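Comments concern the structure below.
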Amino acid sequence: MPFVTAADGARIHYKDWGRGRPVVLSHGWPLNADSWEAQQLFLAAHGYRAIAHDRRGHGRSEQTWDGNEMNTYADDLAALIDTLDLRDVTLVGFSTGGGEVVRYVGRHGTDRLARIALVSSVPPFMLRTDDNPGGVPAEVFDGLRAGSLSDRSQLYRDLADGPFFGNNRPGADVSRGVRDAFWRQGLQAGHRNAYESIAAFSATDFRPDLDAVDVPALVVHGDDDQIVPFEVGGKASAARIRNATLKVYQGAPHGITDTHKERLAADLLDFLGS
């Protein structure tokens, strides 16, 4: 399996499919590159070089003790881009991966980038604070941490069977296979890595990073997202980014990479060709 080596020596696994202009896909918590397989296959079949990596501590990448925070995630992404000498890159981030993408911009600039796309993403800032009163209460993330420590396997099962894919909504019919894939990928992540990543995606303030985005941006978000509420995530990010296009999927949940994969693939392809 291919790996790149991060600045601290950590081995980061990646999947590299197709040929053409590069698209790098950053996954959500607590998943890995496999969560992008529908979009990666589609883009590679339509003339793009689609690359998806496992964040450190997740999937097949090294389960490091340290570095489970956004600065290091962004630097690992930079190591991937630099090692493969990618240019004219489109970065696509789902959920936590959206934070990784914009923190990359904040730390490494846009010299190698053509555009970015944020899908159900955590920026600008998820946590409710005095200067972010519309955020999500800290008790929600404390509950995730408590569930992770007490029985993380059941936590992942509950998320997959409930709010992540909107399977708790009347009439929802998310397949057992999709829900099992979430659970399986979650348990591939290191326990400490996944636990510390909760703070990384919830308590990191990405507002300065969004202000640094100077390339075209696509923001895609479902308006029934129970994980990253639309008002907190996509709507606020699109309002903050210059040159942003916002696409709202009505009634859609958080996990639109699976529940709306055909629509998302078409929207990404249109954006890449714009």
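Residue numbering restarts at 1 in every chain; chains get A, B, ... in the order shown in the structure tokens, and ligands count up from 1 in that same order.
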Exercise. Enumerate the residues of region 33-123 of chain A with a DSSP assignment of alpha helix (DSSP H), computed from the backbone, and present them as a ChimeraX atom specification.
Key: /A:37-45,70-83,96-108
Using only C-alpha atoms, I'd like a table of the residues in region 160-211 of chain A that come within 12 Å of region 51-54 of chain A; for each, show the closest atom pair and its distance in Å rounded to one decimal, ordered by chain and ascending number, as a tab-separated table.
```
residue	atom	partner	partner_atom	distance
A:Gln185	CA	A:Asp54	CA	10.5
A:Gly186	CA	A:Asp54	CA	11.8
A:Gln188	CA	A:Asp54	CA	10.5
A:Ala189	CA	A:Asp54	CA	9.5
A:Gly190	CA	A:Asp54	CA	11.9
```
Quiz item: Hey, what's within 7 Å of Phe125 (chain A) if we count only C-alpha atoms and toss same-chain stuff fewer than 6 positions away? As a list in words, please?
Solution: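 Counting only C-alpha atoms, the residues come to Thr204, Asp205, Phe206 and Arg207 of chain A.
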Dump as a tab-separated table the rows for residues of region 72-174 of chain A within 9 Å of region 231-244 of chain A: closest atom pair and distance in Å with one decimal, only C-alpha atoms counted, ordered by chain and rising residue number.
```
residue	atom	partner	partner_atom	distance
A:Leu118	CA	A:Gly234	CA	7.9
A:Val119	CA	A:Gly234	CA	7.9
A:Ser120	CA	A:Gly234	CA	6.6
A:Ser121	CA	A:Gly233	CA	6.1
A:Val122	CA	A:Gly233	CA	5.6
A:Pro123	CA	A:Gly233	CA	5.7
A:Pro124	CA	A:Ser237	CA	5.6
A:Phe125	CA	A:Val232	CA	7.4
A:Met126	CA	A:Val232	CA	6.4
A:Gly134	CA	A:Val232	CA	6.8
A:Gly135	CA	A:Val232	CA	6.1
A:Val136	CA	A:Val232	CA	7.9
```
Dump as a PDB file, in the first residue's frame, selection limited to N, CA, C and O atoms:
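Saved the output as selection15.pdb:
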```
ATOM      1  N   LEU A 118     -16.256  22.136   0.160  1.00  0.00           N
ATOM      2  CA  LEU A 118     -16.573  21.754   1.536  1.00  0.00           C
ATOM      3  C   LEU A 118     -17.930  21.067   1.534  1.00  0.00           C
ATOM      4  O   LEU A 118     -18.929  21.646   1.104  1.00  0.00           O
ATOM      5  N   VAL A 119     -17.958  19.832   2.022  1.00  0.00           N
ATOM      6  CA  VAL A 119     -19.166  19.011   1.999  1.00  0.00           C
ATOM      7  C   VAL A 119     -19.547  18.658   3.437  1.00  0.00           C
ATOM      8  O   VAL A 119     -18.764  18.013   4.146  1.00  0.00           O
ATOM      9  N   SER A 120     -20.706  19.116   3.885  1.00  0.00           N
ATOM     10  CA  SER A 120     -21.171  18.842   5.263  1.00  0.00           C
ATOM     11  C   SER A 120     -20.075  19.169   6.279  1.00  0.00           C
ATOM     12  O   SER A 120     -19.873  18.437   7.254  1.00  0.00           O
ATOM     13  N   SER A 121     -19.384  20.253   6.064  1.00  0.00           N
ATOM     14  CA  SER A 121     -18.120  20.493   6.764  1.00  0.00           C
ATOM     15  C   SER A 121     -18.274  21.260   8.075  1.00  0.00           C
ATOM     16  O   SER A 121     -19.225  22.025   8.257  1.00  0.00           O
ATOM     17  N   VAL A 122     -17.286  21.073   8.963  1.00  0.00           N
ATOM     18  CA  VAL A 122     -17.348  21.637  10.312  1.00  0.00           C
ATOM     19  C   VAL A 122     -17.028  23.127  10.403  1.00  0.00           C
ATOM     20  O   VAL A 122     -17.464  23.777  11.362  1.00  0.00           O
ATOM     21  N   PRO A 123     -16.241  23.741   9.500  1.00  0.00           N
ATOM     22  CA  PRO A 123     -16.051  25.190   9.612  1.00  0.00           C
ATOM     23  C   PRO A 123     -17.381  25.936   9.442  1.00  0.00           C
ATOM     24  O   PRO A 123     -18.323  25.406   8.856  1.00  0.00           O
ATOM     25  N   PRO A 124     -17.436  27.184   9.959  1.00  0.00           N
ATOM     26  CA  PRO A 124     -16.354  27.999  10.526  1.00  0.00           C
ATOM     27  C   PRO A 124     -15.943  27.613  11.949  1.00  0.00           C
ATOM     28  O   PRO A 124     -14.776  27.643  12.277  1.00  0.00           O
ATOM     29  N   PHE A 125     -16.900  27.238  12.820  1.00  0.00           N
ATOM     30  CA  PHE A 125     -16.575  26.993  14.227  1.00  0.00           C
ATOM     31  C   PHE A 125     -17.793  26.330  14.846  1.00  0.00           C
ATOM     32  O   PHE A 125     -18.861  26.933  14.948  1.00  0.00           O
ATOM     33  N   MET A 126     -17.646  25.077  15.267  1.00  0.00           N
ATOM     34  CA  MET A 126     -18.809  24.338  15.737  1.00  0.00           C
ATOM     35  C   MET A 126     -19.214  24.676  17.170  1.00  0.00           C
ATOM     36  O   MET A 126     -20.392  24.680  17.512  1.00  0.00           O
ATOM     37  N   GLY A 134     -24.210  30.983  18.267  1.00  0.00           N
ATOM     38  CA  GLY A 134     -25.045  30.065  17.505  1.00  0.00           C
ATOM     39  C   GLY A 134     -24.481  28.668  17.384  1.00  0.00           C
ATOM     40  O   GLY A 134     -25.076  27.812  16.717  1.00  0.00           O
ATOM     41  N   GLY A 135     -23.340  28.413  18.028  1.00  0.00           N
ATOM     42  CA  GLY A 135     -22.690  27.109  17.915  1.00  0.00           C
ATOM     43  C   GLY A 135     -23.392  26.016  18.690  1.00  0.00           C
ATOM     44  O   GLY A 135     -24.416  26.219  19.351  1.00  0.00           O
ATOM     45  N   VAL A 136     -22.803  24.831  18.625  1.00  0.00           N
ATOM     46  CA  VAL A 136     -23.353  23.647  19.281  1.00  0.00           C
ATOM     47  C   VAL A 136     -22.855  23.610  20.721  1.00  0.00           C
ATOM     48  O   VAL A 136     -21.667  23.819  20.977  1.00  0.00           O
TER      49      VAL A 136
END
```
Quiz item: For Gln154 (chain A), which residue out of A:Ser274, A:Trp17, A:Asp75, A:Leu187 is the nearest one, using only C-alpha atoms?
Solution: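 So, comparing all the options, the nearest one is A:Leu187.
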Quiz prompt | Those in region 58-204 of chain A with strand (DSSP E or B) from DSSP, as a list in words | solution =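 Strand (DSSP E or B) assignments inside region 58-204 of chain A correspond to Val89, Thr90, Leu91, Val92, Gly93, Phe94, Leu113, Ala114, Arg115, Ile116, Ala117, Leu118, Val119, Leu127, Thr129, Asn132 and Val136 of chain A.
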Practice problem: Between A:Ala6, A:Lys247, A:Tyr195, A:Arg112, single out the one closest to Gly143 (chain A), counting only C-alpha atoms. | Solution: A:Tyr195
Quiz item: Can you list, as a list in words, every protein, DNA or RNA residue that comes within 10 Å of Arg107 (chain A) when you count only C-alpha atoms, leaving out same-chain residues fewer than 5 positions away?
Solution: Asn71, Ala74, Asp75, Ala78, Val102, Asp209 and Ala212 of chain A
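Residues with any atom within 12 Å of His191 (chain A), counting only C-alpha atoms and excluding same-chain neighbours fewer than 2 positions away, are Pro30, Gly57, His58, Gly59, Gln63, Thr64, Trp65, Asn68, Arg145, Gly147, Ser148, Leu149, Ser150, Asp151, Arg152, Ser153, Gly186, Leu187, Gln188, Ala189, Asn193, Ala194, Tyr195, Glu196, Ser197 and Ile198 of chain A.
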